[in-house]
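Novice: Hey, dropping query-v9.cif in here, mmCIF, C-alpha atoms:
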data_structure
#
loop_
_atom_site.label_atom_id
_atom_site.label_comp_id
_atom_site.auth_asym_id
_atom_site.auth_seq_id
_atom_site.Cartn_x
_atom_site.Cartn_y
_atom_site.Cartn_z
CA MET A 14 122.02 -23.09 47.60
CA LEU A 15 125.18 -21.60 46.13
CA VAL A 16 127.08 -23.28 43.29
CA PRO A 17 130.87 -22.82 42.95
CA CYS A 18 131.89 -21.46 39.54
CA THR A 19 135.01 -20.49 37.63
CA VAL A 20 135.55 -17.95 34.87
CA GLU A 21 135.45 -19.95 31.64
CA SER A 22 136.25 -16.98 29.39
CA VAL A 23 135.62 -13.35 28.58
CA ARG A 24 134.57 -12.53 25.04
CA VAL A 25 133.52 -9.64 22.86
CA HIS A 26 131.30 -9.74 19.80
CA VAL A 27 133.21 -8.18 16.92
CA LEU A 28 130.17 -6.60 15.21
CA THR A 29 128.25 -5.31 18.25
CA GLY A 30 131.10 -4.72 20.70
CA GLN A 31 129.08 -6.43 23.47
CA HIS A 32 131.14 -8.14 26.16
CA VAL A 33 130.24 -11.29 28.08
CA VAL A 34 131.88 -13.21 30.89
CA LEU A 35 131.06 -16.91 30.96
CA LEU A 36 130.97 -18.57 34.38
CA GLN A 37 131.33 -22.35 34.39
CA ALA A 38 129.54 -24.20 37.19
CA LYS A 39 131.96 -26.69 38.75
CA GLU A 40 131.01 -30.34 38.36
CA SER A 41 128.41 -29.36 35.76
CA ASN A 42 128.18 -28.52 32.08
CA ARG A 43 126.26 -25.29 32.74
CA LEU A 44 127.58 -21.92 31.61
CA LEU A 45 126.21 -18.63 32.91
CA PRO A 46 126.64 -15.74 30.44
CA ILE A 47 126.73 -12.31 32.08
CA TRP A 48 126.85 -9.30 29.76
CA ILE A 49 129.35 -6.77 31.12
CA GLY A 50 130.97 -3.47 30.22
CA PRO A 51 134.22 -3.17 28.29
CA ASP A 52 136.25 -1.91 31.26
CA GLN A 53 135.26 -4.86 33.44
CA ALA A 54 135.84 -7.27 30.53
CA HIS A 55 139.34 -5.85 30.05
CA SER A 56 140.05 -6.02 33.78
CA ILE A 57 138.95 -9.65 34.09
CA ALA A 58 140.54 -10.88 30.85
CA THR A 59 143.95 -9.27 31.39
CA ARG A 60 144.19 -10.67 34.91
CA ILE A 61 143.24 -14.18 33.78
CA ALA A 62 145.80 -13.95 30.97
CA GLY A 63 148.48 -12.74 33.42
CA ILE A 64 148.96 -9.45 31.58
CA ALA A 65 150.19 -6.66 33.84
CA SER A 66 148.98 -3.11 33.36
CA GLU A 67 151.45 -0.22 33.22
CA ARG A 68 149.45 1.50 35.97
CA PRO A 69 147.01 -0.03 38.43
CA LEU A 70 143.51 -0.53 37.08
CA THR A 71 140.59 0.37 39.35
CA HIS A 72 140.25 -3.23 40.55
CA ASP A 73 144.00 -3.40 41.25
CA LEU A 74 143.71 -0.20 43.28
CA MET A 75 140.80 -1.62 45.27
CA MET A 76 142.75 -4.80 46.04
CA ASP A 77 145.76 -2.75 47.16
CA VAL A 78 143.60 -0.63 49.47
CA LEU A 79 141.88 -3.67 50.97
CA SER A 80 145.19 -5.47 51.45
CA LYS A 81 146.81 -2.51 53.21
CA LEU A 82 143.78 -2.26 55.50
CA GLY A 83 144.02 -5.96 56.36
CA VAL A 84 140.74 -6.83 54.66
CA GLU A 85 140.26 -10.10 52.77
CA ILE A 86 137.70 -10.88 50.08
CA THR A 87 136.41 -14.32 51.07
CA ARG A 88 133.90 -14.85 48.27
CA ILE A 89 131.66 -13.20 45.74
CA VAL A 90 128.09 -14.23 45.04
CA VAL A 91 125.91 -13.72 41.99
CA LYS A 92 122.72 -13.78 44.01
CA ASP A 93 119.84 -12.63 41.83
CA LEU A 94 118.59 -11.77 38.37
CA VAL A 95 115.97 -9.04 38.47
CA ALA A 96 113.74 -8.45 35.42
CA ASP A 97 113.88 -4.97 33.93
CA ASP A 98 111.38 -2.94 31.88
CA SER A 99 112.97 -3.89 28.56
CA GLY A 100 112.26 -7.60 29.00
CA GLY A 101 115.82 -8.41 30.03
CA GLY A 102 117.33 -8.59 33.45
CA VAL A 103 119.99 -7.21 35.74
CA PHE A 104 122.27 -9.47 37.74
CA HIS A 105 122.87 -8.55 41.38
CA GLY A 106 125.99 -9.53 43.26
CA SER A 107 127.63 -9.35 46.65
CA LEU A 108 131.20 -9.04 47.78
CA PHE A 109 132.02 -10.60 51.17
CA LEU A 110 134.81 -8.91 53.11
CA GLN A 111 136.47 -10.29 56.23
CA PHE A 112 138.42 -8.11 58.63
CA GLY A 113 139.26 -9.58 61.96
CA GLU A 114 136.24 -11.40 63.30
CA ARG A 115 133.80 -9.31 61.30
CA GLU A 116 132.34 -10.20 57.90
CA VAL A 117 130.56 -7.61 55.79
CA GLU A 118 128.43 -8.10 52.68
CA ILE A 119 128.69 -5.33 50.07
CA ASP A 120 126.16 -4.98 47.23
CA CYS A 121 127.92 -4.74 43.85
CA ARG A 122 127.75 -5.53 40.17
CA PRO A 123 128.80 -9.11 39.49
CA SER A 124 131.30 -7.89 36.89
CA ASP A 125 133.19 -5.82 39.48
CA ALA A 126 133.01 -8.66 42.00
CA ILE A 127 134.42 -11.12 39.44
CA ALA A 128 137.22 -8.69 38.53
CA LEU A 129 138.18 -8.57 42.21
CA ALA A 130 137.78 -12.33 42.76
CA VAL A 131 140.22 -13.23 39.97
CA ARG A 132 142.80 -10.96 41.62
CA CYS A 133 142.71 -12.72 44.98
CA ASP A 134 141.46 -16.22 44.13
CA ALA A 135 138.24 -15.63 46.07
CA ARG A 136 135.49 -18.17 45.58
CA ILE A 137 132.92 -17.32 42.91
CA LEU A 138 129.48 -18.59 43.87
CA VAL A 139 126.20 -18.37 41.97
CA SER A 140 122.71 -18.88 43.36
CA ASP A 141 121.20 -22.08 42.00
CA THR A 142 118.04 -20.12 41.15
CA VAL A 143 120.09 -17.78 38.94
CA LEU A 144 121.72 -20.76 37.22
CA ASP A 145 118.34 -22.44 36.76
CA ARG A 146 116.93 -19.28 35.11
CA SER A 147 119.87 -18.20 32.97
CA ALA A 148 122.50 -20.89 32.48
CA ILE A 149 122.95 -22.76 29.25
CA SER A 150 124.27 -26.27 28.78
CA ALA A 151 127.80 -26.37 27.42
CA GLU A 152 127.06 -29.71 25.70
CA SER A 153 123.41 -29.93 24.74
CA GLU A 154 122.32 -29.24 21.19
CA ASP A 155 118.69 -30.19 21.91
CA ASP A 156 117.36 -26.72 22.62
CA GLU A 157 117.29 -24.37 19.63
CA ASN A 158 117.99 -21.31 21.83
CA ILE A 159 121.07 -22.97 23.29
CA ALA A 160 122.32 -23.89 19.84
CA VAL A 161 121.86 -20.31 18.62
CA PHE A 162 123.63 -18.93 21.70
CA LYS A 163 126.49 -21.41 21.35
CA GLU A 164 126.85 -20.42 17.70
CA PHE A 165 126.98 -16.75 18.76
CA ILE A 166 129.57 -17.51 21.48
CA GLN A 167 131.76 -19.29 18.92
CA THR A 168 131.92 -16.06 16.89
CA LEU A 169 133.39 -14.15 19.83
CA PRO A 170 137.15 -13.74 20.12
CA ASP A 171 138.69 -14.99 23.38
CA ASP A 172 140.29 -11.68 24.34
CA PRO A 173 138.48 -8.36 24.42
CA PRO A 174 140.34 -5.31 23.15
CA GLY A 175 141.71 -2.86 25.70
CA PRO A 176 139.57 0.04 26.92
CA SER A 177 139.12 2.97 24.58
CA THR A 178 141.37 5.99 25.15
CA SER A 179 138.85 8.46 23.79
#
Would you mind writing the structure in this file as structure tokens?

Specialist:
Amino acid sequence: MLVPCTVESVRVHVLTGQHVVLLQAKESNRLLPIWIGPDQAHSIATRIAGIASERPLTHDLMMDVLSKLGVEITRIVVKDLVADDSGGGVFHGSLFLQFGEREVEIDCRPSDAIALAVRCDARILVSDTVLDRSAISAESEDDENIAVFKEFIQTLPDDPPGPSTS
């Protein structure tokens, strides 16, 4: 089953420079943190804030190409979380494109898919198994791990800095 979500915020930890996008499950208090790169964080955050770039960012370029080809992004899906060798995990996503009567699923990083979705108001969907494994409650203080994560999230500024020019 797929759960509709919205982008709650994009944040960056001041000391570590790590970026995270928080997806909020609709009709639920669950938040899904997905650690992402600084370029994707900048791309998502500036679009949500309505800040225009002087020149098209990569995700703006992709949207322009798709639009001129008559292709629509219908939805994006965060479909899996695959364990890695370091004890963490890697999220897997899909981008669904519609052109004419044909729909195509494209494998992609969830961060890129989210950056595109916020540009065209495409639905953001997350597998319920991914939410069950990785989401945190936005309201519960019962679990010590959730409390620690919420404390960490509160230390993050709402807007990530722009990408480095070096």

Novice: Apply the PyMOL selection byres ((chain A and resi 55) around 12) to the structure shown and report the selected residues as a PyMOL selection string.

Specialist: chain A and resi 22-25+32-34+49-54+56-66+70-72+124-125+127-128+171-177

Novice: Specify as JSON, numbers by chain each residue included when the PyMOL selection byres ((chain A and resi 41) around 10) is applied to this file.

Specialist: {"A": [16, 18, 37, 38, 39, 40, 42, 43, 44, 150, 151]}

Novice: CA of Leu108 (chain A) and CA of Val84 (chain A), how far apart in Å?

Specialist: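 We find that CA of Val84 (chain A) and CA of Leu108 (chain A) lie 12.0 Å from each other.
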
Novice: Work out how far CA of Ile47 (chain A) is from CA of Gly101 (chain A), in Å to one decimal.

Specialist: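 CA of Gly101 (chain A) sits 11.8 Å away from CA of Ile47 (chain A).
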
Novice: State, in Å with one decimal place, the distance from CA of Gly106 (chain A) to CA of Trp48 (chain A).

Specialist: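 So the two atoms, CA of Gly106 (chain A) and CA of Trp48 (chain A), lie 13.5 Å apart.
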
Novice: Evaluate the PyMOL selection byres ((chain A and resi 131-141) around 8) on the structure here and hand back the selected residues as an MDAnalysis selection string.

Specialist: chainID A and resid 14:19 57 60:61 73 76 86:93 127:130 142:145

Novice: Give as a PyMOL selection string each residue that has an atom at most 9 Å from (138.4, -2.2, 56.3) in the file, counting all atoms listed in the file.

Specialist: chain A and resi 78-85+110-112

Novice: From the options A:Arg68, A:Met75, A:Glu116, A:Glu21, which residue's atoms come nearest to Leu45 (chain A), counting only C-alpha atoms?

Specialist: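 That would be A:Glu21, the residue with the smallest distance to Leu45 (chain A).
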
Novice: Nearest to Pro46 (chain A): which of A:Pro69, A:Gly100, A:Pro123, A:Gly30 is it, counting all atoms listed in the file?

Specialist: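 Once distances to Pro46 (chain A) are computed over all atoms listed in the file, the minimum belongs to A:Pro123.
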